[in-house]
Structure formats: structure tokens, C-alpha cells
file my_file_39.cif (mmCIF, C-alpha atoms)
data_my_file
loop_
_atom_site.label_atom_id
_atom_site.label_comp_id
_atom_site.auth_asym_id
_atom_site.auth_seq_id
_atom_site.Cartn_x
_atom_site.Cartn_y
_atom_site.Cartn_z
CA MET A 1 -24.69 -62.42 -25.24
CA THR A 2 -28.38 -63.10 -25.85
CA ASP A 3 -30.64 -60.08 -25.48
CA THR A 4 -32.66 -60.69 -22.33
CA THR A 5 -34.87 -57.64 -22.69
CA SER A 6 -38.40 -58.62 -21.76
CA ASP A 7 -40.73 -59.26 -24.68
CA LEU A 8 -43.51 -57.59 -22.71
CA SER A 9 -43.78 -55.57 -19.54
CA PHE A 10 -46.36 -55.10 -16.83
CA THR A 11 -47.28 -51.82 -15.17
CA LEU A 12 -48.82 -52.34 -11.76
CA GLY A 13 -51.87 -50.18 -11.07
CA THR A 14 -54.12 -50.07 -7.99
CA GLN A 15 -53.86 -52.85 -5.41
CA LEU A 16 -56.81 -54.05 -3.39
CA GLU A 17 -56.95 -53.29 0.31
CA ALA A 18 -54.62 -55.80 1.95
CA LYS A 19 -56.49 -58.71 3.49
CA SER A 20 -55.58 -62.31 4.15
CA GLY A 21 -55.37 -64.09 0.78
CA THR A 22 -55.96 -60.89 -1.18
CA HIS A 23 -53.53 -60.04 -3.98
CA GLY A 24 -55.89 -58.38 -6.45
CA ARG A 25 -54.76 -55.43 -8.54
CA SER A 26 -55.23 -53.55 -11.75
CA GLY A 27 -52.46 -53.01 -14.27
CA ILE A 28 -51.41 -52.92 -17.91
CA ILE A 29 -49.69 -55.66 -19.91
CA HIS A 30 -47.63 -54.08 -22.68
CA THR A 31 -47.21 -56.35 -25.73
CA PRO A 32 -45.72 -55.76 -29.21
CA HIS A 33 -49.26 -55.51 -30.60
CA GLY A 34 -50.86 -53.30 -27.99
CA ASP A 35 -51.73 -52.95 -24.31
CA ILE A 36 -54.07 -55.10 -22.23
CA HIS A 37 -55.63 -53.26 -19.30
CA THR A 38 -56.13 -55.73 -16.47
CA PRO A 39 -58.11 -57.42 -15.07
CA ALA A 40 -59.29 -58.47 -18.54
CA PHE A 41 -61.46 -61.21 -20.00
CA ILE A 42 -59.84 -62.85 -23.04
CA PRO A 43 -62.30 -64.45 -25.52
CA VAL A 44 -61.32 -67.85 -26.90
CA ALA A 45 -60.68 -68.09 -30.64
CA THR A 46 -60.00 -71.83 -30.60
CA LYS A 47 -59.33 -72.41 -34.30
CA ALA A 48 -58.32 -68.82 -35.06
CA THR A 49 -61.93 -67.73 -34.79
CA VAL A 50 -64.32 -66.84 -31.99
CA LYS A 51 -67.15 -69.15 -32.98
CA THR A 52 -70.02 -67.45 -34.88
CA LEU A 53 -68.40 -63.97 -34.78
CA THR A 54 -66.20 -61.95 -37.11
CA PRO A 55 -63.10 -60.27 -35.63
CA GLU A 56 -64.86 -56.94 -36.14
CA GLN A 57 -67.76 -58.14 -33.99
CA VAL A 58 -65.35 -59.38 -31.31
CA ARG A 59 -63.66 -55.97 -31.27
CA SER A 60 -67.05 -54.31 -30.85
CA THR A 61 -67.45 -56.08 -27.50
CA GLY A 62 -64.45 -54.23 -26.10
CA ALA A 63 -62.27 -57.34 -26.02
CA GLN A 64 -58.58 -56.41 -25.86
CA ALA A 65 -56.99 -59.74 -26.85
CA ILE A 66 -57.97 -63.25 -27.93
CA LEU A 67 -56.60 -66.73 -27.21
CA SER A 68 -56.18 -69.46 -29.82
CA ASN A 69 -55.44 -73.14 -29.40
CA ALA A 70 -52.11 -74.69 -30.39
CA TYR A 71 -53.50 -78.24 -30.51
CA HIS A 72 -56.33 -77.45 -32.93
CA LEU A 73 -54.25 -75.16 -35.17
CA TYR A 74 -51.50 -77.80 -35.30
CA LEU A 75 -54.02 -80.33 -36.61
CA GLN A 76 -55.75 -77.88 -38.95
CA PRO A 77 -54.61 -75.99 -40.98
CA GLY A 78 -51.06 -76.54 -39.64
CA PRO A 79 -48.71 -74.05 -37.96
CA ASP A 80 -46.61 -73.67 -41.10
CA ILE A 81 -49.58 -72.18 -42.93
CA VAL A 82 -50.32 -69.78 -40.07
CA ASP A 83 -46.65 -68.79 -40.01
CA GLU A 84 -46.66 -68.15 -43.77
CA ALA A 85 -49.74 -65.96 -43.31
CA GLY A 86 -47.79 -63.75 -40.88
CA GLY A 87 -48.94 -65.31 -37.60
CA VAL A 88 -52.29 -66.02 -36.03
CA ALA A 89 -53.31 -62.35 -35.68
CA ALA A 90 -52.75 -61.61 -39.37
CA PHE A 91 -54.27 -64.95 -40.39
CA GLU A 92 -57.59 -64.15 -38.69
CA ASN A 93 -57.51 -60.36 -39.19
CA TRP A 94 -57.22 -59.55 -35.48
CA HIS A 95 -55.48 -56.22 -34.86
CA GLY A 96 -54.33 -56.59 -31.27
CA PRO A 97 -52.59 -58.83 -28.74
CA THR A 98 -52.94 -62.60 -28.99
CA TYR A 99 -52.40 -65.61 -26.73
CA THR A 100 -51.92 -69.28 -27.59
CA ASP A 101 -52.11 -72.11 -25.10
CA SER A 102 -49.55 -74.91 -25.22
CA GLY A 103 -51.90 -77.65 -26.37
CA GLY A 104 -51.36 -79.52 -23.11
CA PHE A 105 -55.00 -79.39 -22.02
CA GLN A 106 -56.34 -80.63 -25.34
CA VAL A 107 -53.66 -83.30 -25.75
CA MET A 108 -54.78 -84.82 -22.45
CA SER A 109 -58.53 -84.15 -22.59
CA LEU A 110 -58.97 -84.97 -26.28
CA GLY A 111 -56.24 -87.59 -26.40
CA VAL A 112 -58.53 -90.47 -27.21
CA GLY A 113 -60.26 -88.38 -29.83
CA PHE A 114 -63.69 -89.89 -29.27
CA LYS A 115 -66.20 -90.07 -26.37
CA LYS A 116 -63.74 -88.60 -23.89
CA VAL A 117 -64.73 -87.78 -20.32
CA LEU A 118 -62.47 -85.35 -18.50
CA ALA A 119 -63.26 -85.11 -14.78
CA MET A 120 -62.58 -81.75 -13.18
CA ASP A 121 -65.31 -82.36 -10.63
CA THR A 122 -65.84 -85.68 -8.92
CA THR A 123 -69.28 -84.83 -7.53
CA ASP A 124 -71.24 -87.02 -9.97
CA LEU A 125 -68.65 -89.73 -10.52
CA SER A 126 -68.99 -93.18 -9.00
CA GLU A 127 -66.04 -95.04 -7.54
CA LYS A 128 -66.19 -97.31 -10.59
CA ASP A 129 -65.91 -94.27 -12.90
CA ILE A 130 -62.94 -92.94 -10.96
CA ARG A 131 -61.12 -96.28 -10.99
CA ALA A 132 -61.70 -96.64 -14.74
CA ALA A 133 -60.49 -93.11 -15.47
CA ARG A 134 -57.33 -93.67 -13.45
CA LYS A 135 -56.65 -96.89 -15.33
CA ASP A 136 -57.45 -95.69 -18.86
CA ARG A 137 -55.48 -92.48 -19.36
CA TYR A 138 -56.53 -90.30 -22.27
CA ALA A 139 -53.02 -89.97 -23.67
CA HIS A 140 -49.76 -91.73 -22.96
CA VAL A 141 -47.37 -89.57 -20.93
CA ASP A 142 -43.65 -90.26 -20.62
CA GLU A 143 -40.66 -88.17 -19.60
CA GLU A 144 -40.10 -86.85 -23.11
CA GLY A 145 -43.69 -85.89 -23.94
CA VAL A 146 -47.16 -87.17 -24.79
CA ASP A 147 -48.50 -89.51 -27.47
CA PHE A 148 -52.11 -88.82 -28.45
CA ARG A 149 -54.70 -89.33 -31.16
CA SER A 150 -56.14 -86.60 -33.33
CA VAL A 151 -59.68 -85.53 -32.47
CA ILE A 152 -60.27 -85.12 -36.22
CA ASP A 153 -59.36 -88.54 -37.61
CA GLY A 154 -57.79 -90.59 -34.82
CA SER A 155 -54.30 -90.39 -36.32
CA ARG A 156 -51.36 -90.66 -33.92
CA HIS A 157 -49.28 -87.63 -32.93
CA ARG A 158 -46.70 -86.66 -30.35
CA PHE A 159 -46.14 -83.41 -28.44
CA THR A 160 -43.00 -82.62 -26.49
CA PRO A 161 -42.05 -79.33 -24.82
CA GLU A 162 -39.86 -78.56 -27.81
CA ILE A 163 -42.58 -79.35 -30.35
CA SER A 164 -45.09 -77.18 -28.44
CA MET A 165 -42.62 -74.29 -28.54
CA GLN A 166 -42.00 -74.79 -32.25
CA ILE A 167 -45.73 -74.80 -32.98
CA GLN A 168 -46.40 -71.72 -30.86
CA HIS A 169 -43.51 -69.80 -32.39
CA GLN A 170 -44.97 -70.51 -35.82
CA LEU A 171 -48.40 -69.39 -34.63
CA GLY A 172 -46.73 -66.15 -33.56
CA ALA A 173 -48.90 -65.04 -30.61
CA ASP A 174 -47.62 -62.33 -28.27
CA ILE A 175 -48.12 -64.57 -25.24
CA MET A 176 -47.72 -68.34 -25.18
CA PHE A 177 -47.61 -70.97 -22.45
CA ALA A 178 -45.11 -73.65 -21.49
CA PHE A 179 -46.13 -77.23 -22.22
CA ASP A 180 -47.52 -78.80 -19.05
CA GLU A 181 -49.29 -81.98 -18.02
CA LEU A 182 -52.98 -81.67 -17.28
CA THR A 183 -54.09 -83.59 -14.21
CA THR A 184 -57.61 -83.90 -12.84
CA LEU A 185 -59.21 -84.27 -9.43
CA ILE A 186 -59.37 -88.05 -9.82
CA ASP A 187 -55.60 -88.43 -10.07
CA THR A 188 -53.92 -89.72 -6.93
CA ARG A 189 -51.73 -87.58 -4.70
CA GLU A 190 -48.74 -89.69 -5.77
CA TYR A 191 -49.45 -89.01 -9.43
CA GLN A 192 -49.93 -85.28 -8.78
CA GLU A 193 -46.49 -85.14 -7.14
CA ALA A 194 -44.82 -86.85 -10.07
CA SER A 195 -46.69 -84.64 -12.54
CA VAL A 196 -45.62 -81.40 -10.85
CA GLU A 197 -41.99 -82.51 -11.02
CA ARG A 198 -42.35 -83.55 -14.67
CA THR A 199 -44.03 -80.27 -15.60
CA HIS A 200 -41.12 -78.44 -13.94
CA ARG A 201 -38.63 -80.33 -16.11
CA TRP A 202 -40.73 -79.65 -19.18
CA ALA A 203 -40.83 -75.93 -18.32
CA ARG A 204 -37.01 -75.80 -18.29
CA ARG A 205 -36.96 -77.43 -21.73
CA CYS A 206 -39.55 -74.94 -22.98
CA LEU A 207 -37.39 -72.02 -21.83
CA ILE A 208 -34.33 -73.40 -23.58
CA GLU A 209 -36.21 -74.04 -26.83
CA HIS A 210 -37.99 -70.68 -26.63
CA ASP A 211 -34.65 -68.91 -26.36
CA ARG A 212 -33.22 -70.88 -29.28
CA LEU A 213 -36.21 -70.17 -31.50
CA THR A 214 -36.27 -66.48 -30.57
CA ARG A 215 -32.68 -66.15 -31.74
CA GLU A 216 -33.31 -68.24 -34.85
CA ARG A 217 -36.44 -66.27 -35.77
CA HIS A 218 -34.93 -62.87 -34.94
CA ASP A 219 -36.84 -61.19 -37.77
CA LYS A 220 -40.19 -62.07 -36.19
CA PRO A 221 -42.03 -60.03 -33.50
CA LYS A 222 -40.86 -61.09 -30.05
CA GLN A 223 -43.05 -63.53 -28.11
CA SER A 224 -43.39 -63.94 -24.35
CA LEU A 225 -43.36 -67.40 -22.75
CA TRP A 226 -45.34 -67.91 -19.54
CA GLY A 227 -44.85 -70.81 -17.13
CA VAL A 228 -47.90 -72.79 -15.97
CA VAL A 229 -48.49 -73.64 -12.32
CA GLN A 230 -50.01 -77.06 -11.62
CA GLY A 231 -50.59 -78.94 -8.34
CA ALA A 232 -54.37 -79.52 -8.29
CA GLN A 233 -55.98 -78.80 -4.90
CA TYR A 234 -52.83 -79.33 -2.81
CA GLU A 235 -51.34 -76.23 -1.21
CA ASP A 236 -47.83 -77.65 -0.86
CA LEU A 237 -47.75 -78.78 -4.49
CA ARG A 238 -49.10 -75.46 -5.79
CA ARG A 239 -46.49 -73.55 -3.82
CA GLN A 240 -43.75 -75.99 -4.85
CA ALA A 241 -44.70 -75.64 -8.52
CA THR A 242 -44.78 -71.83 -8.29
CA ARG A 243 -41.41 -71.57 -6.55
CA GLY A 244 -39.94 -73.96 -9.08
CA LEU A 245 -41.03 -71.77 -12.00
CA ILE A 246 -39.63 -68.67 -10.30
CA GLU A 247 -36.30 -70.45 -9.86
CA LEU A 248 -36.29 -71.49 -13.54
CA ASP A 249 -36.91 -67.86 -14.49
CA ARG A 250 -33.96 -66.69 -12.42
CA GLU A 251 -31.78 -69.50 -13.74
CA ALA A 252 -32.57 -68.61 -17.36
CA GLN A 253 -31.80 -64.93 -16.88
CA ALA A 254 -28.58 -65.70 -15.00
CA GLU A 255 -27.46 -67.75 -18.01
CA GLY A 256 -28.31 -64.98 -20.45
CA ARG A 257 -31.47 -66.68 -21.73
CA ARG A 258 -35.01 -65.41 -21.83
CA GLY A 259 -37.10 -66.09 -18.74
CA PHE A 260 -40.85 -66.19 -18.18
CA GLY A 261 -42.77 -63.05 -19.07
CA GLY A 262 -45.65 -64.07 -16.82
CA PHE A 263 -47.36 -67.09 -15.32
CA GLY A 264 -50.46 -69.17 -15.99
CA ILE A 265 -52.50 -70.96 -13.33
CA GLY A 266 -53.92 -74.21 -14.69
CA GLY A 267 -55.05 -77.69 -13.83
CA ALA A 268 -57.85 -78.99 -11.68
CA LEU A 269 -59.50 -76.32 -9.53
CA GLU A 270 -62.40 -77.17 -7.24
CA LYS A 271 -64.87 -74.31 -7.58
CA GLU A 272 -65.35 -73.78 -3.87
CA ASN A 273 -61.55 -73.53 -3.41
CA LEU A 274 -60.74 -71.51 -6.53
CA GLY A 275 -59.97 -68.25 -4.75
CA THR A 276 -57.92 -70.01 -2.10
CA ILE A 277 -55.82 -71.91 -4.65
CA VAL A 278 -55.21 -68.82 -6.80
CA GLY A 279 -54.25 -66.99 -3.61
CA TRP A 280 -51.63 -69.61 -2.71
CA VAL A 281 -50.03 -69.19 -6.12
CA CYS A 282 -50.19 -65.40 -6.25
CA GLU A 283 -48.70 -65.14 -2.77
CA GLU A 284 -45.57 -66.77 -4.20
CA LEU A 285 -45.45 -65.03 -7.59
CA PRO A 286 -43.52 -61.78 -8.17
CA ALA A 287 -45.85 -58.77 -8.27
CA GLU A 288 -44.12 -57.34 -11.34
CA LYS A 289 -45.24 -60.12 -13.68
CA PRO A 290 -48.80 -60.79 -14.94
CA ARG A 291 -50.87 -63.90 -14.14
CA HIS A 292 -53.40 -65.68 -16.33
CA LEU A 293 -56.04 -68.08 -15.00
CA LEU A 294 -56.84 -70.70 -17.60
CA GLY A 295 -60.51 -71.54 -18.18
CA ILE A 296 -63.04 -70.09 -15.71
CA SER A 297 -66.56 -68.92 -16.45
CA GLU A 298 -69.10 -67.96 -13.79
CA PRO A 299 -69.20 -64.37 -12.47
CA ASP A 300 -68.53 -65.45 -8.88
CA ASP A 301 -65.40 -67.26 -10.11
CA LEU A 302 -64.19 -64.06 -11.74
CA PHE A 303 -64.59 -62.01 -8.58
CA ALA A 304 -62.88 -64.68 -6.47
CA ALA A 305 -59.97 -65.06 -8.88
CA ILE A 306 -59.44 -61.32 -9.29
CA GLU A 307 -59.51 -60.76 -5.54
CA ALA A 308 -56.92 -63.52 -5.15
CA GLY A 309 -54.60 -61.91 -7.69
CA ALA A 310 -55.30 -63.19 -11.23
CA ASP A 311 -55.01 -60.59 -14.00
CA THR A 312 -56.46 -62.18 -17.15
CA PHE A 313 -58.86 -65.04 -17.88
CA ASP A 314 -60.09 -67.10 -20.80
CA CYS A 315 -63.09 -69.37 -21.08
CA VAL A 316 -65.28 -70.84 -23.83
CA ALA A 317 -68.41 -70.63 -21.66
CA PRO A 318 -69.83 -67.34 -23.05
CA THR A 319 -69.61 -68.59 -26.65
CA ARG A 320 -70.67 -72.17 -25.94
CA LEU A 321 -73.64 -70.95 -23.89
CA GLY A 322 -74.58 -68.47 -26.61
CA ARG A 323 -74.68 -71.08 -29.36
CA ARG A 324 -77.29 -72.94 -27.30
CA GLY A 325 -79.46 -69.88 -26.71
CA GLY A 326 -78.17 -69.08 -23.22
CA VAL A 327 -77.50 -65.47 -22.25
CA TYR A 328 -76.11 -63.59 -19.27
CA THR A 329 -78.19 -60.82 -17.72
CA LEU A 330 -77.80 -58.68 -14.64
CA ASP A 331 -80.45 -60.89 -13.03
CA GLY A 332 -78.75 -64.19 -13.89
CA ARG A 333 -78.63 -66.53 -16.86
CA LEU A 334 -81.57 -67.07 -19.19
CA ASN A 335 -82.24 -69.74 -21.80
CA LEU A 336 -83.99 -67.99 -24.67
CA THR A 337 -85.16 -71.30 -26.15
CA ALA A 338 -87.70 -71.56 -23.29
CA ALA A 339 -91.36 -71.20 -24.28
CA ARG A 340 -91.89 -68.19 -22.02
CA PHE A 341 -89.82 -66.03 -24.37
CA LYS A 342 -91.94 -66.74 -27.46
CA ARG A 343 -93.85 -63.48 -27.07
CA ASP A 344 -91.32 -61.53 -24.99
CA PHE A 345 -90.51 -58.51 -27.14
CA SER A 346 -88.14 -56.87 -24.66
CA GLY A 347 -84.41 -56.76 -25.26
CA VAL A 348 -82.16 -59.49 -23.89
CA ASP A 349 -81.14 -57.20 -21.00
CA GLU A 350 -82.35 -53.64 -21.53
CA GLU A 351 -80.65 -52.33 -18.41
CA PHE A 352 -77.27 -53.71 -19.47
CA GLY A 353 -77.88 -52.46 -23.00
CA GLY A 354 -75.46 -53.05 -25.83
CA TYR A 355 -75.97 -53.68 -29.51
CA VAL A 356 -77.97 -56.92 -29.20
CA SER A 357 -80.32 -55.74 -26.46
CA GLU A 358 -80.94 -52.45 -28.25
CA ASN A 359 -81.76 -54.04 -31.61
CA TYR A 360 -83.21 -57.53 -31.09
CA SER A 361 -85.94 -58.91 -28.87
CA ARG A 362 -85.96 -62.07 -26.81
CA ALA A 363 -88.85 -63.27 -28.96
CA TYR A 364 -86.86 -62.85 -32.16
CA ILE A 365 -83.85 -64.71 -30.78
CA HIS A 366 -86.18 -67.43 -29.45
CA HIS A 367 -87.55 -67.78 -33.00
CA LEU A 368 -84.04 -67.98 -34.49
CA MET A 369 -82.96 -70.68 -32.06
CA LYS A 370 -86.10 -72.75 -32.63
CA ALA A 371 -85.72 -72.35 -36.40
CA LYS A 372 -82.05 -73.40 -36.06
CA GLU A 373 -80.89 -70.23 -37.75
CA PHE A 374 -77.21 -69.47 -37.17
CA LEU A 375 -77.95 -65.82 -36.45
CA GLY A 376 -79.50 -66.82 -33.13
CA GLY A 377 -76.20 -68.20 -31.86
CA THR A 378 -74.34 -65.19 -33.23
CA LEU A 379 -76.56 -62.70 -31.39
CA CYS A 380 -76.41 -64.61 -28.10
CA THR A 381 -72.64 -64.99 -28.36
CA LEU A 382 -72.16 -61.31 -29.19
CA HIS A 383 -74.26 -60.36 -26.18
CA ASN A 384 -72.46 -62.76 -23.84
CA LEU A 385 -68.99 -61.58 -24.77
CA SER A 386 -70.09 -57.97 -24.40
CA PHE A 387 -71.51 -58.80 -20.98
CA MET A 388 -68.41 -60.67 -19.76
CA VAL A 389 -65.94 -58.11 -21.07
CA ALA A 390 -67.96 -55.27 -19.53
CA LEU A 391 -68.21 -57.11 -16.21
CA VAL A 392 -64.44 -57.44 -15.92
CA ASP A 393 -63.96 -53.86 -17.12
CA ASN A 394 -66.32 -52.75 -14.35
CA ILE A 395 -64.37 -54.81 -11.82
CA ARG A 396 -61.16 -53.08 -12.95
CA ALA A 397 -62.81 -49.67 -12.55
CA ALA A 398 -64.07 -50.68 -9.10
CA ILE A 399 -60.53 -51.64 -8.04
CA ASP A 400 -59.19 -48.31 -9.27
CA ASN A 401 -62.04 -46.43 -7.54
CA GLY A 402 -61.62 -48.27 -4.26
CA ASP A 403 -65.08 -49.88 -4.21
CA PHE A 404 -64.36 -53.44 -5.42
CA TYR A 405 -66.08 -55.12 -2.47
CA ALA A 406 -69.20 -52.97 -2.71
CA TYR A 407 -69.47 -53.68 -6.45
CA ARG A 408 -68.87 -57.41 -5.91
CA ASP A 409 -71.59 -57.69 -3.29
CA GLU A 410 -74.08 -55.65 -5.32
CA PHE A 411 -73.49 -57.54 -8.56
CA LEU A 412 -73.43 -61.06 -7.13
CA GLY A 413 -76.34 -60.37 -4.79
CA ARG A 414 -78.50 -59.48 -7.76
CA TYR A 415 -77.12 -62.03 -10.25
CA TYR A 416 -77.67 -64.96 -7.90
CA ALA A 417 -80.74 -63.57 -6.09
CA GLY A 418 -82.81 -66.51 -4.84
CA LYS A 419 -80.51 -69.01 -6.56
CA GLN A 420 -77.69 -71.20 -5.36
CA ARG A 421 -74.40 -70.37 -7.04
CA PRO A 422 -73.66 -73.13 -9.53
CA LEU A 423 -70.93 -75.67 -8.96
CA ASN A 424 -69.05 -76.08 -12.26
#
call {"tool": "encode", "arguments": {"input": "my_file_39.cif", "output": "C-alpha cells"}}
result
Amino acid sequence: MTDTTSDLSFTLGTQLEAKSGTHGRSGIIHTPHGDIHTPAFIPVATKATVKTLTPEQVRSTGAQAILSNAYHLYLQPGPDIVDEAGGVAAFENWHGPTYTDSGGFQVMSLGVGFKKVLAMDTTDLSEKDIRAARKDRYAHVDEEGVDFRSVIDGSRHRFTPEISMQIQHQLGADIMFAFDELTTLIDTREYQEASVERTHRWARRCLIEHDRLTRERHDKPKQSLWGVVQGAQYEDLRRQATRGLIELDREAQAEGRRGFGGFGIGGALEKENLGTIVGWVCEELPAEKPRHLLGISEPDDLFAAIEAGADTFDCVAPTRLGRRGGVYTLDGRLNLTAARFKRDFSGVDEEFGGYVSENYSRAYIHHLMKAKEFLGGTLCTLHNLSFMVALVDNIRAAIDNGDFYAYRDEFLGRYYAGKQRPLN
């Protein structure tokens, strides 16, 4: 019989005071390459690199794990090369746990390869834009999988649940995600219903292929497959999708196959409803398995998601913002390219501290950004990751100390003082 021993385990820590919609907790995810103390922020290493930083610099931020992208690594350099190198962690010299996403988001959002527009917020879209987006899908979806064009050269490719599993097994991350269909807020309710059902069928196929590959590649470190919950902003669809994944997990284990090691929460999330939607999902999920929220950025989103029950998070925002001269501070975001920083010789955020604030002034970084020197983006990115990792570490400590709500109110009250919280 197939060994069904879990490829990772989760130790539940402190739970938040029980309130309606509150499922927050601390814990530890145990992986073959180390532990992840949760809640935890996971930096994005899209192409097996966190942009502008060395792995040693990423480690200096306190980051516990990194997430790479199956779509991009499939296109370049190819999963076979990463596999030959010993997996994505060895390939990029990262000594710790790793995640890979399924490629589903990029297949849909980058499917046309050029001038794509992916709507996760309909606020600024006209009815004409919405009608056009519904008509012209970014990739062709059928029951078996998705046809799409490469973002590099426009060449045609196809992903199926089985192909996504094969790619991710070659990439060799500790945690990987089932192939799912990305939907957006402009998709109709009818389409969302069909997509949830299709993603459920794809998840079953992912489990079967994951089990087959685990047995075939028995000499490789074990990998954990996580199901992904879709359903957009609809409570019934989110709950349906969650219950369906739980049933697939039980079905797999009953048949002697490997089940899901955890669960991802993906798809279109309206910012103002983020905590509510995550709460719906976490209310259904088993407490003994970890939960990852795919792609959030702002500090208020982190607090809302953690309170609702999410354990880990990834987002490109800290690195993307940093490459443009944007930085997080305890008093909100700053853009160091602004003229007012030309003669500001204070650190980026002296109260927060850290390597960048203690060694480089706002004026110097302003100069680097204006001179288009790469070091400017490196310093801003290093600061931002340090800030975001420390923020989530502080939230974890606040949960364990029993003062989560006091810390939340103090931090957000200062960070957004006099400013409206942004709508992503």
C-alpha cells in the first residue's frame, strides 16, 4: 500500500479569542527543509530569484521561506534543468523551505502574452471594458486544461493538471499548489459556478498525478500538495469549493493515496470583503492543516487575513514597490523619488531600524533612484522585505502574547493616520 504519511505537519499554537468570523492562530509548519513559524510572510522569488536581492540578503530579512513561479520557470530555463540542479532551492542557493504556485494565475493573466489587463477590481472599468474582457478571454480553457501563449515570445503552450504536477515535481519545492482556474470579478455568476466545479475536477486529477509522481520519484525529498479554494466573492461557492477539497482529501486517503497537506485561498478577492471571504473558507477548513492566502500586500489586508485564519502569505508588492523607490515606514508608505527627500539625510525609518535605515539615508537612495542606479532598488527592496517580515513576526508574537487587537489598532492607526486605507 502507498505510504500516506504526511509530507509535512502543522503544530497549532495560540488561537485568537473566539469572535464571530475569527479563526486566527499561530503555529509551525514542519517541512523537509525546515520549519515555518506562522503567521509568516513569504517573499516571491518569481524566476528563482527575489528581484534585486541575493538569497543571503533575503535570509537577512528574517524570511523563512520563498515562493517561485511554475509558469515562468517552465518557460525559462525549463523544469528539467531545475530538476537536474537538485530542485529550486539548490538551484538558487536557498537553504530553507520553498513553495511553488501551480502556474494557473500566470497562465490566465499572462495568457495573451502582450498588453494584458487582468481585472481584480471593477472600480475603474467601464461597462464596455467589462463586456470586452468577458468576450476576449486571456487563455482558452477547456475541460482538460488551458491553451496559452508564452509571455516571452508568444509561442503556444498547454497546461493541464497533470502537466502542472509534473513541472512542480521537477521544481522540487516543499509545498506546491493544485492547478486551478483563475477567475476575476468581471466573470459572471454562471461562469464562476462552472469554474468552481472544473477546478474541483482538476484538483482530483492533481492528487492522482501527485501520488503517482511521488511513488515514481521516491528518491526525491517528499513534496506537499495543497488544494486551492476558488469561488470569487460568493459565500456559497467559496464554501462549496472548500468542502469539495476536504472531500477529495478524505477520498484520496481512503484509497491509500496522498491527500492535501494544506490549502490555498486564491482568486478574486474584493479588498473590503477580504477578511469575510477568508473567514468563510477557514470556518470550513480543518484546523490541523495550514492555509496560504495567495497574493495580498497592504498591512490592513494582512491583519484582516490573519484574524480570519490565514497562516502564510505571498505578494510581489514589497519588491515591486521597492524597485520604483517606494518604501514602507511605520508612518505609511513613502516614495523616495520625491523632491522633498533630496536633502533628507535621515534613515528610511530610523524607529523601525534595520540594515538599510542604519546605513543609508533617504537622500542617498533618492540620488540612486534618480541616477537609475540598480542599488537604489536593491536597498528599497531589502528594507521593504525586512519591514513586511518583521510586521508579520510581530503579529505572531502579539497573538502568542494575547494582545493582537491592541497591536493591530496601534499599528494601523499610525500607519494610516490621516489617510484613507487604499483600495487595491
call {"tool": "resolve_selection", "arguments": {"input": "my_file_39.cif", "expression": "the PyMOL selection byres ((chain A and resi 49) around 12)", "output": "ChimeraX atom specification"}}
result
/A:43-48,50-58,66-69,72-73,88-94,98,316,319
call {"tool": "closest_residue", "arguments": {"input": "my_file_39.cif", "among": "A:Arg59, A:Arg323, A:Arg333, A:Arg149", "to": "A:Pro97", "atoms": "all atoms listed in the file"}}
result
A:Arg59
call {"tool": "resolve_selection", "arguments": {"input": "my_file_39.cif", "expression": "the PyMOL selection byres ((chain A and resi 276) around 12)", "output": "ChimeraX atom specification"}}
result
/A:20-23,232-235,238,269-275,277-283,301,304-310
call {"tool": "atom_distance", "arguments": {"input": "my_file_39.cif", "atom1": "atom CA of A:Arg396", "atom2": "atom CA of A:Thr14"}}
result
9.1 Å
call {"tool": "resolve_selection", "arguments": {"input": "my_file_39.cif", "expression": "the PyMOL selection byres ((chain A and resi 392) around 10)", "output": "list of chain:residue names"}}
result
A:Thr38, A:Pro39, A:Ala40, A:Phe41, A:Pro299, A:Leu302, A:Phe303, A:Ile306, A:Thr312, A:Phe313, A:Phe387, A:Met388, A:Val389, A:Ala390, A:Leu391, A:Asp393, A:Asn394, A:Ile395, A:Arg396, A:Ala397, A:Ala398
call {"tool": "write_last_selection", "arguments": {"input": "my_file_39.cif", "atoms": "C-alpha atoms", "output": "compact mmCIF listing (two decimals), in the frame of the given file"}}
result
# COMPACT_ATOMS: atom_id res chain seq x y z
CA THR A 38 -56.13 -55.73 -16.47
CA PRO A 39 -58.11 -57.42 -15.07
CA ALA A 40 -59.29 -58.47 -18.54
CA PHE A 41 -61.46 -61.21 -20.00
CA PRO A 299 -69.20 -64.37 -12.47
CA LEU A 302 -64.19 -64.06 -11.74
CA PHE A 303 -64.59 -62.01 -8.58
CA ILE A 306 -59.44 -61.32 -9.29
CA THR A 312 -56.46 -62.18 -17.15
CA PHE A 313 -58.86 -65.04 -17.88
CA PHE A 387 -71.51 -58.80 -20.98
CA MET A 388 -68.41 -60.67 -19.76
CA VAL A 389 -65.94 -58.11 -21.07
CA ALA A 390 -67.96 -55.27 -19.53
CA LEU A 391 -68.21 -57.11 -16.21
CA ASP A 393 -63.96 -53.86 -17.12
CA ASN A 394 -66.32 -52.75 -14.35
CA ILE A 395 -64.37 -54.81 -11.82
CA ARG A 396 -61.16 -53.08 -12.95
CA ALA A 397 -62.81 -49.67 -12.55
CA ALA A 398 -64.07 -50.68 -9.10
call {"tool": "atom_distance", "arguments": {"input": "my_file_39.cif", "atom1": "atom CA of A:Leu245", "atom2": "atom CA of A:Glu181"}}
result
14.4 Å
call {"tool": "atom_distance", "arguments": {"input": "my_file_39.cif", "atom1": "atom CA of A:Asp409", "atom2": "atom CA of A:Leu330"}}
result
13.0 Å
call {"tool": "closest_residue", "arguments": {"input": "my_file_39.cif", "among": "A:Tyr364, A:Ser357, A:Ala371, A:Thr160", "to": "A:Phe345", "atoms": "all atoms listed in the file"}}
result
A:Tyr364
call {"tool": "residues_around", "arguments": {"input": "my_file_39.cif", "residues": "stretch 213-223 of chain A", "least_positions_apart": "2", "cutoff": "12 Å", "atoms": "only C-alpha atoms", "output": "PyMOL selection string"}}
result
chain A and resi 1-9+30-33+83-84+86-87+89+97-100+162-177+206-211+225-226+257-262
call {"tool": "residues_near_point", "arguments": {"input": "my_file_39.cif", "point": "(-57.3, -56.9, -28.1)", "cutoff": "6 Å", "atoms": "all atoms listed in the file", "output": "short mmCIF file (atom, residue, chain, number, x, y, z; two decimals) with C-alpha atoms, in the coordinates of the input"}}
result
data_model
loop_
_atom_site.label_atom_id
_atom_site.label_comp_id
_atom_site.auth_asym_id
_atom_site.auth_seq_id
_atom_site.Cartn_x
_atom_site.Cartn_y
_atom_site.Cartn_z
CA ALA A 63 -62.27 -57.34 -26.02
CA GLN A 64 -58.58 -56.41 -25.86
CA ALA A 65 -56.99 -59.74 -26.85
CA GLY A 96 -54.33 -56.59 -31.27
CA PRO A 97 -52.59 -58.83 -28.74
#
call {"tool": "closest_residue", "arguments": {"input": "my_file_39.cif", "among": "A:Leu321, A:Ala18, A:Ile81, A:Ala194", "to": "A:Leu379", "atoms": "only C-alpha atoms"}}
result
A:Leu321
call {"tool": "closest_residue", "arguments": {"input": "my_file_39.cif", "among": "A:Leu248, A:Ala317, A:Leu16, A:Val348", "to": "A:Glu298", "atoms": "all atoms listed in the file"}}
result
A:Ala317
call {"tool": "closest_residue", "arguments": {"input": "my_file_39.cif", "among": "A:Lys372, A:Lys289, A:His383, A:Arg243", "to": "A:Asp349", "atoms": "all atoms listed in the file"}}
result
A:His383
call {"tool": "closest_residue", "arguments": {"input": "my_file_39.cif", "among": "A:His366, A:Lys419, A:Arg204, A:Arg414", "to": "A:Cys380", "atoms": "all atoms listed in the file"}}
result
A:His366
